[in-house]
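Below: query.cif (mmCIF, C-alpha atoms)
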```cif
data_run
#
loop_
_atom_site.group_PDB
_atom_site.id
_atom_site.type_symbol
_atom_site.label_atom_id
_atom_site.label_comp_id
_atom_site.auth_asym_id
_atom_site.auth_seq_id
_atom_site.Cartn_x
_atom_site.Cartn_y
_atom_site.Cartn_z
ATOM 1 C CA MET A 1 -38.154 29.427 -12.660
ATOM 2 C CA GLU A 2 -36.228 32.370 -11.228
ATOM 3 C CA HIS A 3 -32.944 31.833 -9.405
ATOM 4 C CA ASN A 4 -34.398 32.899 -6.059
ATOM 5 C CA GLU A 5 -37.447 30.681 -6.433
ATOM 6 C CA LEU A 6 -35.267 27.733 -7.308
ATOM 7 C CA GLU A 7 -32.982 28.458 -4.363
ATOM 8 C CA HIS A 8 -35.914 28.589 -1.931
ATOM 9 C CA LEU A 9 -37.493 25.462 -3.379
ATOM 10 C CA ILE A 10 -34.323 23.420 -3.132
ATOM 11 C CA ASP A 11 -33.473 24.880 0.260
ATOM 12 C CA ARG A 12 -36.881 23.886 1.641
ATOM 13 C CA GLU A 13 -36.674 20.401 0.209
ATOM 14 C CA LEU A 14 -33.169 19.778 1.452
ATOM 15 C CA ARG A 15 -33.815 21.151 4.928
ATOM 16 C CA ASP A 16 -36.768 18.801 5.271
ATOM 17 C CA LEU A 17 -34.581 15.806 4.642
ATOM 18 C CA PRO A 18 -33.856 13.721 7.745
ATOM 19 C CA ALA A 19 -30.150 13.449 8.580
ATOM 20 C CA PRO A 20 -28.628 10.192 7.344
ATOM 21 C CA ARG A 21 -27.974 7.868 10.255
ATOM 22 C CA ALA A 22 -24.464 6.772 11.031
ATOM 23 C CA PRO A 23 -23.790 3.092 10.360
ATOM 24 C CA ARG A 24 -23.736 0.825 13.401
ATOM 25 C CA SER A 25 -20.101 0.029 12.767
ATOM 26 C CA LEU A 26 -19.001 3.632 13.370
ATOM 27 C CA LEU A 27 -19.226 3.655 17.174
ATOM 28 C CA PRO A 28 -17.206 0.430 17.698
ATOM 29 C CA ARG A 29 -14.647 1.668 15.189
ATOM 30 C CA VAL A 30 -14.272 5.000 16.958
ATOM 31 C CA MET A 31 -14.030 3.394 20.399
ATOM 32 C CA ALA A 32 -11.417 0.917 19.178
ATOM 33 C CA ALA A 33 -9.412 3.717 17.592
ATOM 34 C CA ALA A 34 -9.694 5.766 20.789
ATOM 35 C CA ALA A 35 -8.460 2.810 22.847
ATOM 36 C CA GLU A 36 -5.552 2.491 20.440
ATOM 37 C CA ALA A 37 -4.849 6.217 20.776
ATOM 38 C CA ARG A 38 -4.575 5.844 24.576
ATOM 39 C CA ARG A 39 -1.575 3.542 24.205
ATOM 40 C CA PRO A 40 1.905 5.122 24.158
ATOM 41 C CA TRP A 41 3.113 5.915 20.662
ATOM 42 C CA TYR A 42 5.796 3.220 20.624
ATOM 43 C CA ALA A 43 3.203 0.529 21.400
ATOM 44 C CA ARG A 44 1.091 1.434 18.395
ATOM 45 C CA ALA A 45 1.445 0.503 14.738
ATOM 46 C CA TRP A 46 4.607 1.935 13.164
ATOM 47 C CA ARG A 47 2.666 4.013 10.641
ATOM 48 C CA THR A 48 1.039 5.927 13.537
ATOM 49 C CA TRP A 49 4.370 6.879 15.168
ATOM 50 C CA PRO A 50 5.451 10.520 15.175
ATOM 51 C CA VAL A 51 7.244 11.330 11.923
ATOM 52 C CA GLY A 52 10.511 12.049 13.722
ATOM 53 C CA TRP A 53 10.505 8.623 15.337
ATOM 54 C CA GLN A 54 9.563 6.971 12.058
ATOM 55 C CA VAL A 55 12.583 8.615 10.402
ATOM 56 C CA ALA A 56 14.816 7.742 13.348
ATOM 57 C CA SER A 57 13.706 4.099 13.292
ATOM 58 C CA VAL A 58 14.349 3.848 9.551
ATOM 59 C CA VAL A 59 17.807 5.389 9.981
ATOM 60 C CA MET A 60 18.606 2.967 12.809
ATOM 61 C CA CYS A 61 17.479 -0.017 10.741
ATOM 62 C CA LEU A 62 19.575 1.130 7.799
ATOM 63 C CA ALA A 63 22.578 1.711 10.078
ATOM 64 C CA PHE A 64 22.186 -1.785 11.528
ATOM 65 C CA LEU A 65 21.939 -3.386 8.093
ATOM 66 C CA THR A 66 24.883 -1.394 6.770
ATOM 67 C CA GLY A 67 26.965 -2.267 9.833
ATOM 68 C CA THR A 68 26.106 -5.933 9.442
ATOM 69 C CA ALA A 69 26.994 -5.880 5.745
ATOM 70 C CA LEU A 70 30.283 -4.095 6.365
ATOM 71 C CA SER A 71 31.350 -6.248 9.326
ATOM 72 C CA LEU A 72 30.510 -9.560 7.691
ATOM 73 C CA PRO A 73 33.878 -9.981 5.875
ATOM 74 C CA VAL A 74 35.738 -9.047 9.060
ATOM 75 C CA VAL A 75 33.797 -11.598 11.088
ATOM 76 C CA GLN A 76 34.343 -14.263 8.458
ATOM 77 C CA ALA A 77 38.102 -13.553 8.464
ATOM 78 C CA ALA A 78 38.235 -13.732 12.274
ATOM 79 C CA ILE A 79 36.435 -17.064 12.299
ATOM 80 C CA ALA A 80 38.756 -18.413 9.638
ATOM 81 C CA ALA A 81 41.835 -17.203 11.553
ATOM 82 C CA HIS A 82 40.711 -18.897 14.777
ATOM 83 C CA SER A 83 39.643 -22.160 13.213
ATOM 84 C CA ALA A 84 42.561 -22.734 10.793
ATOM 85 C CA PRO A 85 45.197 -24.086 13.301
ATOM 86 C CA MET A 86 42.726 -26.470 14.889
ATOM 87 C CA VAL A 87 41.608 -27.800 11.505
ATOM 88 C CA SER A 88 45.207 -28.134 10.434
ATOM 89 C CA ARG A 89 46.171 -30.093 13.593
ATOM 90 C CA VAL A 90 43.285 -32.522 13.251
ATOM 91 C CA THR A 91 44.032 -33.036 9.564
ATOM 92 C CA THR A 92 47.683 -33.745 10.297
ATOM 93 C CA ASP A 93 46.824 -36.309 12.979
ATOM 94 C CA ILE A 94 44.403 -38.118 10.710
ATOM 95 C CA TRP A 95 46.946 -38.135 7.869
ATOM 96 C CA GLN A 96 49.641 -39.532 10.136
ATOM 97 C CA VAL A 97 47.365 -42.404 11.247
ATOM 98 C CA VAL A 98 46.490 -43.179 7.646
ATOM 99 C CA ALA A 99 50.133 -43.036 6.586
ATOM 100 C CA ARG A 100 51.197 -45.355 9.407
ATOM 101 C CA THR A 101 48.442 -47.786 8.536
ATOM 102 C CA ILE A 102 49.588 -47.821 4.920
ATOM 103 C CA ASP A 103 53.211 -48.310 5.996
ATOM 104 C CA ALA A 104 52.260 -51.200 8.289
ATOM 105 C CA GLN A 105 50.299 -52.836 5.497
ATOM 106 C CA ARG A 106 53.229 -52.501 3.121
ATOM 107 C CA ALA A 107 55.621 -53.935 5.742
ATOM 108 C CA ALA A 108 53.286 -56.876 6.308
ATOM 109 C CA GLU A 109 53.137 -57.535 2.587
ATOM 110 C CA ILE A 110 56.932 -57.440 2.302
ATOM 111 C CA ILE A 111 57.393 -59.761 5.272
ATOM 112 C CA TRP A 112 54.842 -62.200 3.828
ATOM 113 C CA ARG A 113 56.351 -62.121 0.376
ATOM 114 C CA VAL A 114 60.001 -62.252 1.436
ATOM 115 C CA VAL A 115 59.991 -64.343 4.625
ATOM 116 C CA ILE A 116 56.804 -66.285 5.319
ATOM 117 C CA ASN A 117 55.672 -67.280 1.823
ATOM 118 C CA PRO A 118 58.993 -69.019 0.758
ATOM 119 C CA VAL A 119 59.488 -70.681 4.127
ATOM 120 C CA ALA A 120 55.867 -71.830 4.278
ATOM 121 C CA SER A 121 55.972 -73.452 0.838
ATOM 122 C CA VAL A 122 59.257 -75.274 1.649
ATOM 123 C CA ALA A 123 58.609 -76.209 5.313
ATOM 124 C CA LEU A 124 54.932 -77.121 5.084
ATOM 125 C CA LEU A 125 55.447 -80.845 4.170
ATOM 126 C CA PRO A 126 58.129 -81.565 6.830
ATOM 127 C CA ILE A 127 56.012 -79.808 9.427
ATOM 128 C CA LEU A 128 52.935 -81.867 8.482
ATOM 129 C CA ALA A 129 55.058 -85.099 8.464
ATOM 130 C CA MET A 130 56.514 -84.295 11.877
ATOM 131 C CA LEU A 131 53.000 -83.589 13.186
ATOM 132 C CA ALA A 132 51.701 -86.958 11.850
ATOM 133 C CA THR A 133 54.738 -88.848 13.260
ATOM 134 C CA SER A 134 54.268 -87.215 16.660
ATOM 135 C CA LEU A 135 50.586 -88.215 16.726
ATOM 136 C CA ALA A 136 51.425 -91.864 15.719
ATOM 137 C CA PHE A 137 54.210 -92.101 18.315
ATOM 138 C CA GLY A 138 51.921 -90.744 20.983
ATOM 139 C CA ALA A 139 49.195 -93.300 20.124
ATOM 140 C CA ALA A 140 51.622 -96.257 20.190
ATOM 141 C CA LEU A 141 53.141 -95.137 23.462
ATOM 142 C CA GLY A 142 49.747 -94.840 25.040
ATOM 143 C CA ARG A 143 48.741 -98.375 23.990
ATOM 144 C CA LEU A 144 51.962 -99.890 25.366
ATOM 145 C CA ALA A 145 51.888 -97.967 28.618
ATOM 146 C CA PHE A 146 48.155 -98.208 29.518
ATOM 147 C CA GLY A 147 47.189 -101.503 27.644
ATOM 148 C CA GLY A 148 44.476 -100.227 25.300
ATOM 149 C CA THR A 149 43.195 -97.253 23.549
ATOM 150 C CA PRO A 150 43.615 -94.174 25.586
ATOM 151 C CA GLN A 151 40.372 -93.080 27.455
ATOM 152 C CA SER A 152 39.210 -89.666 26.789
ATOM 153 C CA MET B 1 -18.782 7.228 34.742
ATOM 154 C CA THR B 2 -15.324 6.683 33.242
ATOM 155 C CA ASP B 3 -13.738 8.813 30.524
ATOM 156 C CA ALA B 4 -14.398 6.017 28.043
ATOM 157 C CA ASP B 5 -18.089 5.997 28.960
ATOM 158 C CA LEU B 6 -18.279 9.777 28.603
ATOM 159 C CA PHE B 7 -16.614 9.653 25.224
ATOM 160 C CA GLU B 8 -18.895 6.846 24.064
ATOM 161 C CA ALA B 9 -21.945 8.897 25.049
ATOM 162 C CA PHE B 10 -20.445 11.867 23.207
ATOM 163 C CA VAL B 11 -19.969 9.821 20.032
ATOM 164 C CA ARG B 12 -23.500 8.417 20.279
ATOM 165 C CA GLU B 13 -24.892 11.920 20.521
ATOM 166 C CA TYR B 14 -23.073 13.411 17.551
ATOM 167 C CA GLN B 15 -22.330 10.499 15.233
ATOM 168 C CA ASP B 16 -25.407 11.016 13.034
ATOM 169 C CA MET B 17 -24.668 14.703 12.598
ATOM 170 C CA VAL B 18 -21.009 14.155 11.720
ATOM 171 C CA PHE B 19 -21.773 11.261 9.400
ATOM 172 C CA ALA B 20 -24.542 13.233 7.647
ATOM 173 C CA THR B 21 -22.157 16.091 6.922
ATOM 174 C CA ALA B 22 -19.515 13.712 5.644
ATOM 175 C CA VAL B 23 -21.730 11.518 3.521
ATOM 176 C CA ARG B 24 -23.420 14.465 1.834
ATOM 177 C CA LEU B 25 -20.110 16.126 1.040
ATOM 178 C CA LEU B 26 -18.357 12.978 -0.079
ATOM 179 C CA GLY B 27 -21.327 11.158 -1.589
ATOM 180 C CA ASN B 28 -19.848 7.881 -0.417
ATOM 181 C CA PRO B 29 -20.799 6.156 2.871
ATOM 182 C CA VAL B 30 -17.538 4.225 3.131
ATOM 183 C CA ASP B 31 -15.350 7.313 2.849
ATOM 184 C CA ALA B 32 -17.776 9.187 5.102
ATOM 185 C CA GLU B 33 -17.352 6.589 7.833
ATOM 186 C CA ASP B 34 -13.577 6.887 7.615
ATOM 187 C CA VAL B 35 -13.748 10.660 7.846
ATOM 188 C CA SER B 36 -16.245 10.493 10.732
ATOM 189 C CA GLN B 37 -13.873 8.261 12.652
ATOM 190 C CA THR B 38 -11.056 10.741 12.130
ATOM 191 C CA VAL B 39 -13.284 13.595 13.305
ATOM 192 C CA PHE B 40 -14.067 11.783 16.556
ATOM 193 C CA LEU B 41 -10.438 10.885 17.089
ATOM 194 C CA LYS B 42 -9.572 14.571 16.853
ATOM 195 C CA ALA B 43 -12.312 15.238 19.383
ATOM 196 C CA PHE B 44 -10.886 12.497 21.600
ATOM 197 C CA GLU B 45 -7.438 14.100 21.548
ATOM 198 C CA ARG B 46 -8.861 17.263 23.099
ATOM 199 C CA PHE B 47 -11.869 15.808 24.818
ATOM 200 C CA ASP B 48 -11.154 17.757 28.000
ATOM 201 C CA GLN B 49 -11.869 21.023 26.169
ATOM 202 C CA VAL B 50 -14.296 19.833 23.503
ATOM 203 C CA GLY B 51 -16.410 17.400 25.500
ATOM 204 C CA SER B 52 -18.228 19.997 27.581
ATOM 205 C CA SER B 53 -18.067 22.916 25.146
ATOM 206 C CA PRO B 54 -21.429 24.432 24.154
ATOM 207 C CA THR B 55 -20.095 24.980 20.613
ATOM 208 C CA VAL B 56 -18.988 21.401 20.140
ATOM 209 C CA ALA B 57 -21.545 20.717 17.390
ATOM 210 C CA GLY B 58 -20.215 23.590 15.307
ATOM 211 C CA TRP B 59 -16.639 22.497 15.970
ATOM 212 C CA LEU B 60 -17.409 18.951 14.867
ATOM 213 C CA LYS B 61 -19.114 20.184 11.689
ATOM 214 C CA THR B 62 -16.170 22.435 10.855
ATOM 215 C CA VAL B 63 -13.655 19.639 11.388
ATOM 216 C CA ALA B 64 -15.784 17.216 9.371
ATOM 217 C CA THR B 65 -16.130 19.720 6.522
ATOM 218 C CA ASN B 66 -12.402 20.448 6.424
ATOM 219 C CA LEU B 67 -11.491 16.772 6.500
ATOM 220 C CA CYS B 68 -13.952 16.039 3.711
ATOM 221 C CA LEU B 69 -12.525 18.833 1.578
ATOM 222 C CA ASN B 70 -9.016 17.536 2.262
ATOM 223 C CA HIS B 71 -10.185 14.089 1.246
ATOM 224 C CA LEU B 72 -11.713 15.437 -1.944
ATOM 225 C CA SER B 73 -8.690 17.581 -2.748
ATOM 226 C CA ARG B 74 -6.669 14.394 -3.172
ATOM 227 C CA TYR B 75 -8.834 13.734 -6.195
ATOM 228 C CA ARG B 76 -8.960 17.337 -7.284
ATOM 229 C CA SER B 77 -7.308 16.778 -10.634
ATOM 230 C CA ARG B 78 -9.720 13.973 -11.490
ATOM 231 C CA TRP B 79 -12.575 16.124 -10.255
ATOM 232 C CA ARG B 80 -11.587 18.981 -12.564
ATOM 233 C CA LEU B 81 -11.138 16.640 -15.483
ATOM 234 C CA PHE B 82 -14.640 15.217 -15.014
ATOM 235 C CA SER B 83 -16.022 18.712 -14.539
ATOM 236 C CA GLU B 84 -14.627 19.791 -17.902
ATOM 237 C CA MET B 85 -15.811 16.592 -19.584
ATOM 238 C CA ARG B 86 -19.304 17.220 -18.204
ATOM 239 C CA ARG B 87 -19.283 20.759 -19.574
ATOM 240 C CA GLU B 88 -18.347 19.453 -23.002
ATOM 241 C CA GLY B 89 -21.098 16.858 -22.717
ATOM 242 C CA ASP B 90 -23.637 19.610 -22.061
ATOM 243 C CA ASP B 91 -22.951 20.988 -25.514
ATOM 244 C CA GLY B 92 -24.758 18.123 -27.169
ATOM 245 C CA GLY B 93 -22.510 15.168 -26.540
ATOM 246 C CA GLU B 94 -23.106 12.341 -24.065
ATOM 247 C CA PRO B 95 -26.013 12.985 -21.700
ATOM 248 C CA GLY B 96 -24.788 14.114 -18.254
ATOM 249 C CA PHE B 97 -26.261 13.486 -14.851
ATOM 250 C CA GLU B 98 -28.965 16.082 -15.394
ATOM 251 C CA ALA B 99 -30.204 14.280 -18.479
ATOM 252 C CA THR B 100 -30.485 10.959 -16.662
ATOM 253 C CA VAL B 101 -32.424 12.246 -13.659
ATOM 254 C CA PRO B 102 -35.887 12.339 -15.305
ATOM 255 C CA ASP B 103 -35.576 8.603 -15.949
ATOM 256 C CA THR B 104 -35.869 7.967 -12.213
ATOM 257 C CA VAL B 105 -38.593 10.526 -11.602
ATOM 258 C CA ALA B 106 -41.386 8.271 -12.777
ATOM 259 C CA VAL B 107 -40.374 5.679 -10.214
ATOM 260 C CA ILE B 108 -40.334 8.176 -7.384
ATOM 261 C CA ASP B 109 -43.658 9.698 -8.401
ATOM 262 C CA ALA B 110 -45.751 6.942 -6.885
ATOM 263 C CA ILE B 111 -43.946 6.299 -3.637
ATOM 264 C CA ASP B 112 -44.438 7.747 -0.178
ATOM 265 C CA GLU B 113 -42.740 10.712 1.431
ATOM 266 C CA ARG B 114 -39.959 8.741 3.054
ATOM 267 C CA GLU B 115 -38.924 7.071 -0.145
ATOM 268 C CA ARG B 116 -39.194 10.430 -1.881
ATOM 269 C CA GLN B 117 -36.772 11.915 0.636
ATOM 270 C CA GLU B 118 -34.431 8.988 0.202
ATOM 271 C CA GLY B 119 -34.585 9.604 -3.522
ATOM 272 C CA ILE B 120 -33.630 13.250 -3.046
ATOM 273 C CA GLU B 121 -30.840 12.247 -0.703
ATOM 274 C CA ARG B 122 -29.568 9.803 -3.287
ATOM 275 C CA ALA B 123 -29.837 12.436 -5.989
ATOM 276 C CA VAL B 124 -27.750 14.839 -3.922
ATOM 277 C CA ARG B 125 -25.080 12.181 -3.450
ATOM 278 C CA GLN B 126 -25.099 11.367 -7.151
ATOM 279 C CA LEU B 127 -24.455 14.942 -8.180
ATOM 280 C CA PRO B 128 -20.982 15.442 -9.578
ATOM 281 C CA GLU B 129 -18.589 16.585 -6.881
ATOM 282 C CA HIS B 130 -18.095 20.059 -8.270
ATOM 283 C CA GLN B 131 -21.844 20.643 -7.901
ATOM 284 C CA ARG B 132 -22.559 18.572 -4.798
ATOM 285 C CA VAL B 133 -19.900 20.031 -2.511
ATOM 286 C CA PRO B 134 -20.835 23.717 -2.864
ATOM 287 C CA LEU B 135 -24.538 22.859 -2.856
ATOM 288 C CA VAL B 136 -24.231 20.872 0.374
ATOM 289 C CA LEU B 137 -22.112 23.593 1.966
ATOM 290 C CA PHE B 138 -24.688 26.196 1.012
ATOM 291 C CA HIS B 139 -27.918 24.406 1.910
ATOM 292 C CA PHE B 140 -26.899 22.079 4.730
ATOM 293 C CA GLU B 141 -23.985 23.907 6.306
ATOM 294 C CA GLN B 142 -25.372 27.427 5.742
ATOM 295 C CA GLN B 143 -22.133 28.721 4.226
ATOM 296 C CA SER B 144 -22.213 31.860 2.075
ATOM 297 C CA TYR B 145 -21.200 31.797 -1.588
ATOM 298 C CA GLN B 146 -18.047 33.725 -0.774
ATOM 299 C CA ALA B 147 -17.127 31.432 2.120
ATOM 300 C CA ILE B 148 -17.600 28.419 -0.146
ATOM 301 C CA ALA B 149 -15.426 29.977 -2.831
ATOM 302 C CA ASP B 150 -12.731 30.618 -0.231
ATOM 303 C CA LEU B 151 -12.999 27.111 1.165
ATOM 304 C CA LEU B 152 -12.755 25.464 -2.237
ATOM 305 C CA GLY B 153 -10.228 27.897 -3.649
ATOM 306 C CA VAL B 154 -12.327 28.663 -6.720
ATOM 307 C CA SER B 155 -13.973 31.793 -8.054
ATOM 308 C CA LEU B 156 -17.264 33.100 -6.746
ATOM 309 C CA ALA B 157 -18.762 32.821 -10.238
ATOM 310 C CA LYS B 158 -17.861 29.137 -10.475
ATOM 311 C CA VAL B 159 -19.450 28.444 -7.097
ATOM 312 C CA LYS B 160 -22.678 30.135 -8.157
ATOM 313 C CA THR B 161 -22.721 28.328 -11.496
ATOM 314 C CA ASP B 162 -22.062 24.927 -9.973
ATOM 315 C CA ILE B 163 -24.683 25.400 -7.261
ATOM 316 C CA HIS B 164 -27.227 26.558 -9.833
ATOM 317 C CA ARG B 165 -26.543 23.518 -12.008
ATOM 318 C CA GLY B 166 -26.888 21.283 -8.986
ATOM 319 C CA ARG B 167 -30.224 22.861 -8.102
ATOM 320 C CA GLU B 168 -31.432 22.464 -11.673
ATOM 321 C CA ALA B 169 -30.523 18.799 -11.547
ATOM 322 C CA LEU B 170 -32.401 18.339 -8.285
ATOM 323 C CA ARG B 171 -35.393 20.303 -9.591
ATOM 324 C CA SER B 172 -35.638 17.874 -12.470
ATOM 325 C CA LYS B 173 -36.049 15.176 -9.882
ATOM 326 C CA LEU B 174 -38.489 17.153 -7.744
ATOM 327 C CA GLY B 175 -40.469 18.425 -10.688
ATOM 328 C CA THR B 176 -42.940 15.600 -10.919
ATOM 329 C CA VAL B 177 -43.051 14.737 -7.205
#
```
Step by step, read the file and then write its structure as structure tokens.
Amino acid sequence: MEHNELEHLIDRELRDLPAPRAPRSLLPRVMAAAAEARRPWYARAWRTWPVGWQVASVVMCLAFLTGTALSLPVVQAAIAAHSAPMVSRVTTDIWQVVARTIDAQRAAEIIWRVVINPVASVALLPILAMLATSLAFGAALGRLAFGGTPQS
Amino acid sequence: MTDADLFEAFVREYQDMVFATAVRLLGNPVDAEDVSQTVFLKAFERFDQVGSSPTVAGWLKTVATNLCLNHLSRYRSRWRLFSEMRREGDDGGEPGFEATVPDTVAVIDAIDERERQEGIERAVRQLPEHQRVPLVLFHFEQQSYQAIADLLGVSLAKVKTDIHRGREALRSKLGTV
């Protein structure tokens, strides 16, 4: 078949073809995209922003992150400087209370060991004897004075 | 009628035409739908001028064609690679598209006109890109050989060769219909 014949044959066949129909999803997609396009650029997805604003936003984010990273040690030092005296004062107070408690305990131990324990072991029997004598004297006096066992 | 209603009516009127151009050039309905959406968004951006223009159909076709060619140019290197592989295959190696077409002809032979047309449409879409794009531009978009060569950035001889090969492939399909 000659070139021209082939061209005419194919041309006729192709021109007779009905146009493919657009899928039903195309219209809703286009209308949704058009509604999106009506919104101001800053209210749309970041990837649809003007290139200049995309670059500017990236630079601002990087500047913020860099600033945060650089200022972190300074902030930490400032916090430490402000909190150190307070922590120190509280620690000192607590230590003083503990130390006094320990001192008082030691003093009590010394007093017990040096004063109370020797006296108690020596004076316990006389004290108990005096207590028993006092109770017996009181009972005898009560019988003589009131004529019987005392009424409770 | 609001602007949105006007634009919706506009899209309804031209969506088949735009999609047909895109799907024949790209050979892929999914990509064609994406490109069609972009075409209508461009129309939306200048709807005040485009909406009532008597040449709007031509404008839409031009935009659709350019967007499709841009889309295809992203795969240009792959396209060229396949084109060269196909040429090597024609020398007696693996059978190319042309060699496989007659296998489907027997099926199409017995079916009605509509199915026959669908078969041709499918055959056009299945042509390799380097044949399909110039063939579609020539037969559906009425572009000259030279205009196609300029659009694609290839030589006039290559355009003629690719279109001729595409026609031969389609003739194989039409031959027994």
Report as a list in words the full result of the PyMOL selection byres ((chain A) within 8 of (chain B)) when it is applied to this structure.
->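 What the PyMOL selection byres ((chain A) within 8 of (chain B)) grabs from the file is His3, Leu6, Glu7, Ile10, Asp11, Leu14, Arg15, Leu17, Pro18, Ala19, Pro20, Arg21, Ala22, Pro23, Leu26, Leu27, Arg29, Val30, Met31, Ala33 and Ala34 of chain A.
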Take the residues that were just selected and, keeping C-alpha atoms, output them as an mmCIF file, in the coordinates of the input.
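Result went into part.cif, see below:
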```
data_model
loop_
_atom_site.group_PDB
_atom_site.id
_atom_site.type_symbol
_atom_site.label_atom_id
_atom_site.label_comp_id
_atom_site.auth_asym_id
_atom_site.auth_seq_id
_atom_site.Cartn_x
_atom_site.Cartn_y
_atom_site.Cartn_z
ATOM 1 C CA HIS A 3 -32.944 31.833 -9.405
ATOM 2 C CA LEU A 6 -35.267 27.733 -7.308
ATOM 3 C CA GLU A 7 -32.982 28.458 -4.363
ATOM 4 C CA ILE A 10 -34.323 23.420 -3.132
ATOM 5 C CA ASP A 11 -33.473 24.880 0.260
ATOM 6 C CA LEU A 14 -33.169 19.778 1.452
ATOM 7 C CA ARG A 15 -33.815 21.151 4.928
ATOM 8 C CA LEU A 17 -34.581 15.806 4.642
ATOM 9 C CA PRO A 18 -33.856 13.721 7.745
ATOM 10 C CA ALA A 19 -30.150 13.449 8.580
ATOM 11 C CA PRO A 20 -28.628 10.192 7.344
ATOM 12 C CA ARG A 21 -27.974 7.868 10.255
ATOM 13 C CA ALA A 22 -24.464 6.772 11.031
ATOM 14 C CA PRO A 23 -23.790 3.092 10.360
ATOM 15 C CA LEU A 26 -19.001 3.632 13.370
ATOM 16 C CA LEU A 27 -19.226 3.655 17.174
ATOM 17 C CA ARG A 29 -14.647 1.668 15.189
ATOM 18 C CA VAL A 30 -14.272 5.000 16.958
ATOM 19 C CA MET A 31 -14.030 3.394 20.399
ATOM 20 C CA ALA A 33 -9.412 3.717 17.592
ATOM 21 C CA ALA A 34 -9.694 5.766 20.789
#
```
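In this structure, atom CA of A:Pro126 sits 27.8 Å away from atom CA of A:Ala107.
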Work out how far apart atom CA of B:Leu67 and atom CA of B:Leu137 are and give it in Å to one decimal.
-> 13.4 Å
What separation in Å, quoted to one decimal, exists between atom CA of A:Pro73 and atom CA of A:Val55?
-> 28.6 Å
Missing atoms in stretch 37-52 of chain A need filling: write out N, CA and C atoms for it as a PDB file, in the frame of the given file.
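Everything below was put into result.pdb:
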```
ATOM      1  N   ALA A  37      -5.509   4.909  20.602  1.00  0.00           N
ATOM      2  CA  ALA A  37      -4.849   6.217  20.776  1.00  0.00           C
ATOM      3  C   ALA A  37      -4.385   6.429  22.214  1.00  0.00           C
ATOM      4  N   ARG A  38      -4.999   5.697  23.177  1.00  0.00           N
ATOM      5  CA  ARG A  38      -4.575   5.844  24.576  1.00  0.00           C
ATOM      6  C   ARG A  38      -3.214   5.207  24.826  1.00  0.00           C
ATOM      7  N   ARG A  39      -2.854   4.234  23.981  1.00  0.00           N
ATOM      8  CA  ARG A  39      -1.575   3.542  24.205  1.00  0.00           C
ATOM      9  C   ARG A  39      -0.423   4.473  23.874  1.00  0.00           C
ATOM     10  N   PRO A  40       0.750   4.278  24.506  1.00  0.00           N
ATOM     11  CA  PRO A  40       1.905   5.122  24.158  1.00  0.00           C
ATOM     12  C   PRO A  40       2.281   4.923  22.688  1.00  0.00           C
ATOM     13  N   TRP A  41       2.882   5.937  22.107  1.00  0.00           N
ATOM     14  CA  TRP A  41       3.113   5.915  20.662  1.00  0.00           C
ATOM     15  C   TRP A  41       3.946   4.717  20.220  1.00  0.00           C
ATOM     16  N   TYR A  42       4.910   4.299  21.063  1.00  0.00           N
ATOM     17  CA  TYR A  42       5.796   3.220  20.624  1.00  0.00           C
ATOM     18  C   TYR A  42       5.105   1.864  20.679  1.00  0.00           C
ATOM     19  N   ALA A  43       3.932   1.812  21.337  1.00  0.00           N
ATOM     20  CA  ALA A  43       3.203   0.529  21.400  1.00  0.00           C
ATOM     21  C   ALA A  43       2.165   0.420  20.291  1.00  0.00           C
ATOM     22  N   ARG A  44       2.068   1.452  19.488  1.00  0.00           N
ATOM     23  CA  ARG A  44       1.091   1.434  18.395  1.00  0.00           C
ATOM     24  C   ARG A  44       1.753   0.982  17.102  1.00  0.00           C
ATOM     25  N   ALA A  45       0.913   0.886  16.052  1.00  0.00           N
ATOM     26  CA  ALA A  45       1.445   0.503  14.738  1.00  0.00           C
ATOM     27  C   ALA A  45       2.479   1.531  14.281  1.00  0.00           C
ATOM     28  N   TRP A  46       3.497   1.062  13.558  1.00  0.00           N
ATOM     29  CA  TRP A  46       4.607   1.935  13.164  1.00  0.00           C
ATOM     30  C   TRP A  46       4.126   3.141  12.362  1.00  0.00           C
ATOM     31  N   ARG A  47       3.104   2.918  11.504  1.00  0.00           N
ATOM     32  CA  ARG A  47       2.666   4.013  10.641  1.00  0.00           C
ATOM     33  C   ARG A  47       2.011   5.145  11.438  1.00  0.00           C
ATOM     34  N   THR A  48       1.649   4.883  12.713  1.00  0.00           N
ATOM     35  CA  THR A  48       1.039   5.927  13.537  1.00  0.00           C
ATOM     36  C   THR A  48       2.070   6.628  14.419  1.00  0.00           C
ATOM     37  N   TRP A  49       3.328   6.230  14.357  1.00  0.00           N
ATOM     38  CA  TRP A  49       4.370   6.879  15.168  1.00  0.00           C
ATOM     39  C   TRP A  49       4.551   8.323  14.718  1.00  0.00           C
ATOM     40  N   PRO A  50       5.087   9.168  15.609  1.00  0.00           N
ATOM     41  CA  PRO A  50       5.451  10.520  15.175  1.00  0.00           C
ATOM     42  C   PRO A  50       6.481  10.434  14.042  1.00  0.00           C
ATOM     43  N   VAL A  51       6.402  11.391  13.127  1.00  0.00           N
ATOM     44  CA  VAL A  51       7.244  11.330  11.923  1.00  0.00           C
ATOM     45  C   VAL A  51       8.725  11.256  12.293  1.00  0.00           C
ATOM     46  N   GLY A  52       9.102  12.045  13.303  1.00  0.00           N
ATOM     47  CA  GLY A  52      10.511  12.049  13.722  1.00  0.00           C
ATOM     48  C   GLY A  52      10.984  10.667  14.134  1.00  0.00           C
TER      49      GLY A  52
END
```
